[in-house]
Amino acid sequence: MKLRHLFYSTFLLFLLLCKIVFAEDVVVLEGKVVIETPIVYQNKKVVVKPGTEIFVKGKMEHAIHIKDGSIEINGTTASPVVVNGNLDTLKDEEDINVFFLENSKGYISHTYFKKNVWALHVHFSDLLVKSCLFETNYGGIRLTGGNIDVKQNIFSNNKIGIRFLNSQPNINKNLFNKNDIAIFVREGVKNANIEQNCFYKNGYDIYLGFFQQNDVAAKNNFFLATPTVFDLTIDSSMKSRVLLEPVLKTFPDWH
């Protein structure tokens, strides 16, 4: 009987300790969050609550590094999450990131990214970015590897909207407006899914890198003016083309 009681007591203590560990593995960000030094969350689940405002100050390669974990940024239409960078003081920088996801999972919705160098840097992660606004950043999203879905977002007045290499992302139902480059396909891309997007007044709607070997299909998109692409048809030293046909004749139905 004593051994049984000892067993149950030990087991209950184990469960209690597990709950404590699990609770510690969840990090919640809410209210006003000021990032002045780099933060690394490894093997953690990071949850950003609706209405949170994140202010990034100082020069950091990665302000918030999510490694081997996950992140949920749960903005809503009534209470979006706002991520403010310091692009004005880092105009000559190109390798500064707010969020760096490495071998992680993520869901980001209803978030306003403004005046960041790079808002999101994603390496070998599974990520859905939906219903967000990327405005006046150097870059919105840059990524390599992983399973990435970017849909129903607005990319406006950025130097680069999305840049990717060695990745096959799904980029669907987004609006790209007044970016220097809306989509930059750098290299190593074979089967990206770029459809049902709207492009308007970008410097380049789709720009291929010099090391991109395969043609890139970007069919069934809507262009409010003549599409602007940089590929083999513009520079004979390039190795690939952007395939636009068929082009949508009317604005896509995103419902």
# chains A, B, ... in the order shown; residues from 1 in each chain; ligands from 1
call {"tool": "closest_atom_pairs", "arguments": {"of": "region 115-157 of chain A", "to": "region 202-205 of chain A", "cutoff": "12 Å", "atoms": "only C-alpha atoms", "output": "Markdown table"}}
result
| residue | atom | partner | partner_atom | distance |
| --- | --- | --- | --- | --- |
| A:Phe155 | CA | A:Asn202 | CA | 10.3 |
| A:Ser156 | CA | A:Asn202 | CA | 9.0 |
| A:Asn157 | CA | A:Asn202 | CA | 8.6 |
call {"tool": "closest_atom_pairs", "arguments": {"of": "region 142-210 of chain A", "to": "region 91-96 of chain A", "cutoff": "12 Å", "atoms": "only C-alpha atoms", "output": "Markdown table"}}
result
| residue | atom | partner | partner_atom | distance |
| --- | --- | --- | --- | --- |
| A:Arg142 | CA | A:Asp95 | CA | 10.6 |
| A:Lys159 | CA | A:Glu94 | CA | 10.6 |
| A:Ile160 | CA | A:Glu94 | CA | 10.9 |
call {"tool": "write_last_selection", "arguments": {"atoms": "N, CA and C atoms", "output": "mmCIF file, in the first residue's frame"}}
result
data_model
loop_
_atom_site.group_PDB
_atom_site.id
_atom_site.type_symbol
_atom_site.label_atom_id
_atom_site.label_comp_id
_atom_site.auth_asym_id
_atom_site.auth_seq_id
_atom_site.Cartn_x
_atom_site.Cartn_y
_atom_site.Cartn_z
ATOM 1 N N ARG A 142 11.264 37.469 -46.896
ATOM 2 C CA ARG A 142 12.289 36.741 -47.646
ATOM 3 C C ARG A 142 12.389 35.342 -47.065
ATOM 4 N N LYS A 159 10.499 48.293 -51.021
ATOM 5 C CA LYS A 159 11.513 48.097 -52.058
ATOM 6 C C LYS A 159 11.333 46.720 -52.689
ATOM 7 N N ILE A 160 11.123 45.691 -51.855
ATOM 8 C CA ILE A 160 10.851 44.337 -52.333
ATOM 9 C C ILE A 160 9.667 43.793 -51.534
#
call {"tool": "select_by_dssp", "arguments": {"residues": "region 14-187 of chain A", "states": "strand (DSSP E)", "output": "ChimeraX atom specification"}}
result
/A:26-29,32-35,39-42,45-48,53-56,62-67,70-74,81-84,97-102,105-109,111-114,118-123,126-130,133-135,139-144,147-151,154-156,160-165,170-172,175-177,181-187
call {"tool": "write_last_selection", "arguments": {"atoms": "C-alpha atoms", "output": "short mmCIF file (atom, residue, chain, number, x, y, z; two decimals), in the first residue's frame"}}
result
data_model
loop_
_atom_site.label_atom_id
_atom_site.label_comp_id
_atom_site.auth_asym_id
_atom_site.auth_seq_id
_atom_site.Cartn_x
_atom_site.Cartn_y
_atom_site.Cartn_z
CA VAL A 26 4.58 29.26 -24.10
CA VAL A 27 5.63 32.90 -24.41
CA VAL A 28 2.87 35.49 -24.69
CA LEU A 29 3.51 38.96 -26.11
CA LYS A 32 3.31 47.50 -25.98
CA VAL A 33 6.49 45.50 -26.63
CA VAL A 34 9.80 47.33 -27.19
CA ILE A 35 12.69 45.27 -28.59
CA ILE A 39 15.68 37.80 -28.32
CA VAL A 40 15.97 34.09 -29.12
CA TYR A 41 13.06 31.75 -28.41
CA GLN A 42 14.24 28.17 -28.91
CA LYS A 45 5.66 28.63 -28.72
CA VAL A 46 5.35 32.39 -29.09
CA VAL A 47 1.83 33.85 -29.12
CA VAL A 48 1.27 37.50 -30.03
CA GLU A 53 2.27 46.85 -30.79
CA ILE A 54 5.88 45.81 -31.31
CA PHE A 55 8.52 48.53 -31.60
CA VAL A 56 11.99 47.56 -32.82
CA HIS A 62 17.36 39.36 -35.84
CA ALA A 63 15.17 41.16 -33.34
CA ILE A 64 13.04 38.09 -32.56
CA HIS A 65 14.50 34.69 -33.49
CA ILE A 66 12.14 31.70 -33.39
CA LYS A 67 14.20 28.49 -33.54
CA SER A 70 6.39 28.11 -33.42
CA ILE A 71 4.76 31.50 -33.56
CA GLU A 72 1.16 32.67 -33.77
CA ILE A 73 0.48 36.33 -34.46
CA ASN A 74 -3.25 36.57 -33.95
CA VAL A 81 -1.04 43.57 -34.45
CA VAL A 82 1.33 46.40 -35.44
CA VAL A 83 5.07 45.88 -35.99
CA ASN A 84 7.04 49.14 -36.22
CA ASN A 97 15.12 41.30 -39.69
CA VAL A 98 12.29 41.71 -37.22
CA PHE A 99 11.21 38.06 -37.12
CA PHE A 100 13.55 35.23 -38.09
CA LEU A 101 11.90 31.81 -38.24
CA GLU A 102 14.29 28.87 -38.37
CA LYS A 105 6.01 26.70 -37.73
CA GLY A 106 3.95 29.84 -37.87
CA TYR A 107 0.61 31.50 -38.48
CA ILE A 108 0.42 35.27 -38.96
CA SER A 109 -2.80 37.14 -39.61
CA THR A 111 -0.69 42.27 -38.85
CA TYR A 112 0.57 45.64 -40.07
CA PHE A 113 4.31 45.64 -40.77
CA LYS A 114 5.65 49.13 -41.40
CA TRP A 118 12.90 43.02 -43.47
CA ALA A 119 9.66 42.19 -41.69
CA LEU A 120 9.90 38.39 -41.98
CA HIS A 121 12.93 36.18 -42.69
CA VAL A 122 11.98 32.51 -42.98
CA HIS A 123 14.33 29.50 -43.20
CA ASP A 126 6.08 26.01 -42.38
CA LEU A 127 4.30 29.34 -42.41
CA LEU A 128 0.92 30.83 -43.36
CA VAL A 129 0.78 34.62 -43.75
CA LYS A 130 -2.75 35.85 -44.34
CA LEU A 133 -0.34 44.67 -44.67
CA PHE A 134 3.34 45.17 -45.53
CA GLU A 135 3.94 48.86 -46.15
CA GLY A 139 11.38 44.13 -47.71
CA GLY A 140 8.25 42.27 -46.69
CA ILE A 141 9.10 38.56 -46.68
CA ARG A 142 12.29 36.74 -47.65
CA LEU A 143 12.45 32.99 -47.46
CA THR A 144 14.22 29.80 -48.36
CA ASN A 147 6.24 25.20 -46.91
CA ILE A 148 5.05 28.78 -47.25
CA ASP A 149 1.58 30.12 -48.01
CA VAL A 150 1.21 33.86 -48.58
CA LYS A 151 -2.36 34.82 -49.37
CA ILE A 154 -1.27 43.77 -49.34
CA PHE A 155 2.31 44.70 -50.22
CA SER A 156 2.59 48.43 -50.82
CA ILE A 160 10.85 44.34 -52.33
CA GLY A 161 7.55 42.67 -51.54
CA ILE A 162 8.61 38.99 -51.45
CA ARG A 163 12.02 37.48 -52.22
CA PHE A 164 12.74 33.75 -52.22
CA LEU A 165 15.29 31.14 -53.24
CA ASN A 170 2.26 29.47 -52.70
CA ILE A 171 1.68 33.17 -53.38
CA ASN A 172 -2.01 33.65 -54.03
CA LEU A 175 -2.27 42.84 -53.94
CA PHE A 176 1.11 44.29 -54.94
CA ASN A 177 1.09 48.06 -55.33
CA ILE A 181 10.01 44.86 -57.02
CA ALA A 182 6.82 43.00 -56.13
CA ILE A 183 8.16 39.43 -56.36
CA PHE A 184 11.88 38.63 -56.64
CA VAL A 185 12.61 35.04 -57.64
CA ARG A 186 16.28 34.78 -56.78
CA GLU A 187 17.32 31.21 -57.66
#
call {"tool": "closest_atom_pairs", "arguments": {"of": "region 66-171 of chain A", "to": "region 251-255 of chain A", "cutoff": "12 Å", "atoms": "only C-alpha atoms", "output": "CSV"}}
result
residue,atom,partner,partner_atom,distance
A:Ser131,CA,A:Trp254,CA,11.6
A:Lys151,CA,A:Trp254,CA,9.7
A:Gln152,CA,A:Trp254,CA,7.8
A:Asn153,CA,A:Trp254,CA,11.1
call {"tool": "write_last_selection", "arguments": {"atoms": "N, CA, C and O atoms", "output": "PDB file, in the first residue's frame"}}
result
ATOM      1  N   SER A 131      -3.884  37.942 -44.743  1.00  0.00           N
ATOM      2  CA  SER A 131      -4.609  39.167 -44.369  1.00  0.00           C
ATOM      3  C   SER A 131      -3.732  40.151 -43.611  1.00  0.00           C
ATOM      4  O   SER A 131      -4.150  40.736 -42.605  1.00  0.00           O
ATOM      5  N   LYS A 151      -1.112  34.577 -48.655  1.00  0.00           N
ATOM      6  CA  LYS A 151      -2.364  34.825 -49.375  1.00  0.00           C
ATOM      7  C   LYS A 151      -3.185  35.941 -48.739  1.00  0.00           C
ATOM      8  O   LYS A 151      -3.165  36.153 -47.525  1.00  0.00           O
ATOM      9  N   GLN A 152      -3.822  36.689 -49.623  1.00  0.00           N
ATOM     10  CA  GLN A 152      -4.747  37.754 -49.240  1.00  0.00           C
ATOM     11  C   GLN A 152      -4.071  38.823 -48.394  1.00  0.00           C
ATOM     12  O   GLN A 152      -4.612  39.315 -47.403  1.00  0.00           O
ATOM     13  N   ASN A 153      -2.860  39.201 -48.804  1.00  0.00           N
ATOM     14  CA  ASN A 153      -2.124  40.278 -48.150  1.00  0.00           C
ATOM     15  C   ASN A 153      -1.981  41.461 -49.098  1.00  0.00           C
ATOM     16  O   ASN A 153      -2.180  41.334 -50.314  1.00  0.00           O
TER      17      ASN A 153
END
call {"tool": "closest_residue", "arguments": {"among": "A:Gly145, A:Phe124, A:Cys132, A:Asp180", "to": "Gly69 (chain A)", "atoms": "only C-alpha atoms"}}
result
A:Phe124
call {"tool": "closest_residue", "arguments": {"among": "A:Val242, A:Met60, A:Ala78, A:Ile206", "to": "Lys190 (chain A)", "atoms": "only C-alpha atoms"}}
result
A:Val242
call {"tool": "closest_residue", "arguments": {"among": "A:Asn221, A:Gln213, A:Ser236, A:Thr37", "to": "Asn193 (chain A)", "atoms": "only C-alpha atoms"}}
result
A:Asn221
call {"tool": "residues_around", "arguments": {"residues": "Arg241 (chain A)", "least_positions_apart": "5", "cutoff": "10 Å", "atoms": "only C-alpha atoms", "output": "list of chain:residue names"}}
result
A:Tyr207, A:Leu208, A:Gln212, A:Gln213, A:Asn214, A:Asp215, A:Val216, A:Ala217, A:Val229, A:Phe230, A:Asp231, A:Leu232, A:Thr233, A:Ile234
call {"tool": "write_last_selection", "arguments": {"atoms": "C-alpha atoms", "output": "mmCIF file, in the first residue's frame"}}
result
data_model
loop_
_atom_site.group_PDB
_atom_site.id
_atom_site.type_symbol
_atom_site.label_atom_id
_atom_site.label_comp_id
_atom_site.auth_asym_id
_atom_site.auth_seq_id
_atom_site.Cartn_x
_atom_site.Cartn_y
_atom_site.Cartn_z
ATOM 1 C CA TYR A 207 12.028 39.971 -61.213
ATOM 2 C CA LEU A 208 14.221 36.910 -61.833
ATOM 3 C CA GLN A 212 17.496 31.253 -61.656
ATOM 4 C CA GLN A 213 17.716 28.301 -64.067
ATOM 5 C CA ASN A 214 14.073 27.344 -64.630
ATOM 6 C CA ASP A 215 11.293 29.346 -66.206
ATOM 7 C CA VAL A 216 8.863 30.687 -63.628
ATOM 8 C CA ALA A 217 5.132 30.307 -64.188
ATOM 9 C CA VAL A 229 9.149 41.617 -65.713
ATOM 10 C CA PHE A 230 12.904 41.196 -65.673
ATOM 11 C CA ASP A 231 13.969 37.966 -67.356
ATOM 12 C CA LEU A 232 15.601 36.516 -70.466
ATOM 13 C CA THR A 233 13.436 38.686 -72.725
ATOM 14 C CA ILE A 234 15.013 41.795 -71.187
#
call {"tool": "atom_distance", "arguments": {"atom1": "CA of Met238 (chain A)", "atom2": "CA of Phe199 (chain A)"}}
result
23.2 Å
call {"tool": "atom_distance", "arguments": {"atom1": "CA of Thr136 (chain A)", "atom2": "CA of Asp235 (chain A)"}}
result
28.8 Å
call {"tool": "closest_residue", "arguments": {"among": "A:Gly75, A:Pro50, A:Gly58, A:Gly31", "to": "Thr89 (chain A)", "atoms": "only C-alpha atoms"}}
result
A:Gly58
